[in-house]
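**Q** I'd like to ask some things about the structure below.
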Amino acid sequence: MKAVHANFFVLTGGPGAGKTSLIEALTRRGYPHVEEAGRRIIREQRQSGGNATHDGDRIAYRELMFDHAIESYRRMTTETRIVFFDRGLPDLSGYSQLIGASVPAHIERAIALHRYNSLVFVAPPWEDIYTADTERRQGFAEAIATHDAIRAAYVQAGYEPVELPKASIESRMDFVLSRAKPL
C-alpha cells in the first residue's frame, strides 16, 4: 500500500550545494530532520576497512544508503510535524543513473510506495560555496552531474522540484518555510 506523508519534505541536490547547512539551521528552529546517510556510511566504511563507498563498491554503497533511507522513513512515520529529509529514496534512482547502473526493482518499489510531499527542494550547484573534503571527493563537474541526475529522478517519480535560491542560509530557510505546507 502506498504511504504518502505530506509532512515529509526532501532537500536534495548535488554535493556541496548547502543542503546539510540548511537542514542544520532548520533543526535549530525545532524541525525534526533525517540526516544524509552517505557521509556516515563513508566514515564507517573507512573505519572498518570496508569498500562500500562512492569511490569503491558503488552498488554496495547504494544498498547501504537504501537501508538507511527505508529505516529513516519508517522511523519518522509517527511524526506529525514537518520533517526535513537530507535526501530521499528517489536520490537512489538518480545515483544509479550517475554510476551507470540500473535501478533495482526493490528500489523502484520503495520509491513508488514510500512517498514524501510532492514538493521537493533542490539545491542547485553553487561553485562559490562548493568544497571537497575527506568524504566529498567529487569535483564540481560531478556535483553538477549529480544534481542533474537526482533532479531528473524526482521528476520521473512524480515530484515537483523547486530550486532553492543561491542565497544565505537564513534566506533559504525562509524560502523553504514559506512553501513547506503539508497538503
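Residue numbering restarts at 1 for every chain of the C-alpha cells, chains are lettered A, B, ... in their displayed order, and ligands are numbered from 1 as they appear.
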Would you list the contacts of Arg28 of chain A as JSON, numbers by chain, taking every protein, DNA or RNA residue within 12 Å and counting only C-alpha atoms, but skipping same-chain residues closer than 5 positions in sequence?

**A** {"A": [21, 22, 23, 33, 170, 173]}

**Q** Check segment 18-183 of chain A with DSSP on the backbone and list each residue it calls alpha helix (DSSP H), as JSON, numbers by chain.

**A** {"A": [19, 20, 21, 22, 23, 24, 25, 26, 27, 28, 38, 39, 40, 41, 42, 43, 44, 45, 46, 47, 48, 58, 59, 60, 61, 62, 63, 64, 65, 66, 67, 68, 69, 70, 71, 72, 73, 74, 75, 76, 90, 91, 92, 93, 94, 95, 96, 97, 98, 105, 106, 107, 108, 109, 110, 111, 112, 113, 140, 141, 142, 143, 144, 145, 146, 147, 148, 149, 150, 151, 152, 153, 154, 155, 156, 169, 170, 171, 172, 173, 174, 175, 176, 177, 178, 179]}

**Q** Can you list, as number ranges by chain, all residues belonging to chain A that DSSP tags as strand (DSSP E or B)?

**A** A: 3-4, 8-13, 33-34, 83-86, 114-115, 119-123, 160-163

**Q** May I have the residues within 8 Å of Leu164 of chain A as a list in words, using only C-alpha atoms and disregarding those fewer than 5 positions away in the same chain?

**A**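 Final neighbour list, sorted by chain and number: Phe121, Val122, Ala123, Pro124, Arg172, Phe175 and Val176 of chain A.
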
**Q** Write out, as a compact mmCIF listing (two decimals), in the first residue's frame, the residues just selected, with N, CA and C atoms.

**A**
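Final output, out_19.txt:
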```txt
# COMPACT_ATOMS: atom_id res chain seq x y z
N PHE A 121 12.61 20.24 -2.50
CA PHE A 121 13.53 21.37 -2.59
C PHE A 121 14.88 20.89 -3.10
N VAL A 122 15.34 21.51 -4.18
CA VAL A 122 16.58 21.10 -4.84
C VAL A 122 17.60 22.23 -4.74
N ALA A 123 18.73 21.92 -4.12
CA ALA A 123 19.82 22.89 -4.03
C ALA A 123 20.62 22.82 -5.32
N PRO A 124 20.71 23.92 -6.05
CA PRO A 124 21.43 23.89 -7.32
C PRO A 124 22.95 23.89 -7.10
N ARG A 172 17.41 31.09 2.51
CA ARG A 172 16.97 29.78 2.02
C ARG A 172 15.96 29.16 3.00
N PHE A 175 12.67 30.78 2.53
CA PHE A 175 12.11 30.30 1.26
C PHE A 175 11.43 28.94 1.47
N VAL A 176 12.14 28.03 2.11
CA VAL A 176 11.60 26.69 2.35
C VAL A 176 10.38 26.76 3.26
```

**Q** Excluding same-chain residues fewer than 2 positions from Ser96 of chain A, what lies within 12 Å of it counting only C-alpha atoms, as a PyMOL selection string?

**A** chain A and resi 54+58-63+65-66+89-94+98-104+107-108+146+149-150+152-153

**Q** Hey, which of A:Arg115, A:Arg179, A:Arg46, A:His5 ends up closest to Glu79 of chain A? Count only C-alpha atoms.

**A**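 Comparing A:Arg115, A:Arg179, A:Arg46, A:His5 against Glu79 of chain A, the winner is A:His5.
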
**Q** Could you check the closest approach to Gln97 of chain A for each of A:Gly139, A:Arg151, A:Glu71, A:Asp57 and tell me which residue wins, using only C-alpha atoms?

**A**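 Counting only C-alpha atoms, the residue closest to Gln97 of chain A is A:Arg151.
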
**Q** Nearest to Gly18 of chain A among A:Ala167, A:Leu177, A:Val155, A:Ala141, with distances taken over only C-alpha atoms: which residue is it?

**A**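 Among the listed residues, A:Ala167 lies closest to Gly18 of chain A.
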
**Q** Do a neighbour search on Val83 of chain A at 8 Å with only C-alpha atoms, toss out local chain neighbours closer than 5 positions, and write the hits as a PyMOL selection string.

**A** chain A and resi 7-9+31-34+76

**Q** So that I have them on file, write out the residues from the current selection with N, CA and C atoms, as a PDB file, in the first residue's frame.

**A**
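File result-v2.pdb, as written:
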```
ATOM      1  N   ASN A   7       3.791  15.649   5.289  1.00  0.00           N
ATOM      2  CA  ASN A   7       4.643  16.447   6.181  1.00  0.00           C
ATOM      3  C   ASN A   7       6.121  16.113   6.017  1.00  0.00           C
ATOM      4  N   PHE A   8       6.465  15.217   5.086  1.00  0.00           N
ATOM      5  CA  PHE A   8       7.855  14.851   4.812  1.00  0.00           C
ATOM      6  C   PHE A   8       8.351  15.673   3.627  1.00  0.00           C
ATOM      7  N   PHE A   9       9.332  16.513   3.862  1.00  0.00           N
ATOM      8  CA  PHE A   9       9.906  17.341   2.799  1.00  0.00           C
ATOM      9  C   PHE A   9      11.364  16.967   2.567  1.00  0.00           C
ATOM     10  N   TYR A  31      12.697  21.957  13.916  1.00  0.00           N
ATOM     11  CA  TYR A  31      12.111  20.992  12.989  1.00  0.00           C
ATOM     12  C   TYR A  31      12.872  19.675  13.052  1.00  0.00           C
ATOM     13  N   PRO A  32      12.145  18.554  13.144  1.00  0.00           N
ATOM     14  CA  PRO A  32      12.827  17.266  13.095  1.00  0.00           C
ATOM     15  C   PRO A  32      13.413  17.040  11.703  1.00  0.00           C
ATOM     16  N   HIS A  33      14.470  16.249  11.659  1.00  0.00           N
ATOM     17  CA  HIS A  33      15.131  16.010  10.376  1.00  0.00           C
ATOM     18  C   HIS A  33      15.688  14.591  10.321  1.00  0.00           C
ATOM     19  N   VAL A  34      16.007  14.184   9.116  1.00  0.00           N
ATOM     20  CA  VAL A  34      16.702  12.924   8.873  1.00  0.00           C
ATOM     21  C   VAL A  34      17.978  13.294   8.137  1.00  0.00           C
ATOM     22  N   MET A  76      10.149   7.818  11.015  1.00  0.00           N
ATOM     23  CA  MET A  76       9.502   9.128  11.117  1.00  0.00           C
ATOM     24  C   MET A  76       7.989   9.084  10.868  1.00  0.00           C
TER      25      MET A  76
END
```

**Q** Ranking A:His106, A:Pro182, A:His147, A:Gly14 by minimum distance to Thr80 of chain A and counting only C-alpha atoms, which one comes first?

**A** A:Pro182

**Q** For Ile42 of chain A, which of A:Glu142, A:Tyr154, A:Asp86, A:Asp55 is the closest residue, counting only C-alpha atoms?

**A**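 When distances to Ile42 of chain A are compared using only C-alpha atoms, the smallest one comes from A:Asp55.
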
**Q** Could you check the closest approach to Ile70 of chain A for each of A:Gly56, A:Ala110, A:Thr12, A:Gln47 and tell me which residue wins, using only C-alpha atoms?

**A** A:Ala110

**Q** Could you tell me how far atom CA of Gly16 of chain A sits from atom CA of Glu160 of chain A, in Å to one decimal place?

**A**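 Interatomic distance, atom CA of Glu160 of chain A to atom CA of Gly16 of chain A: 21.8 Å.
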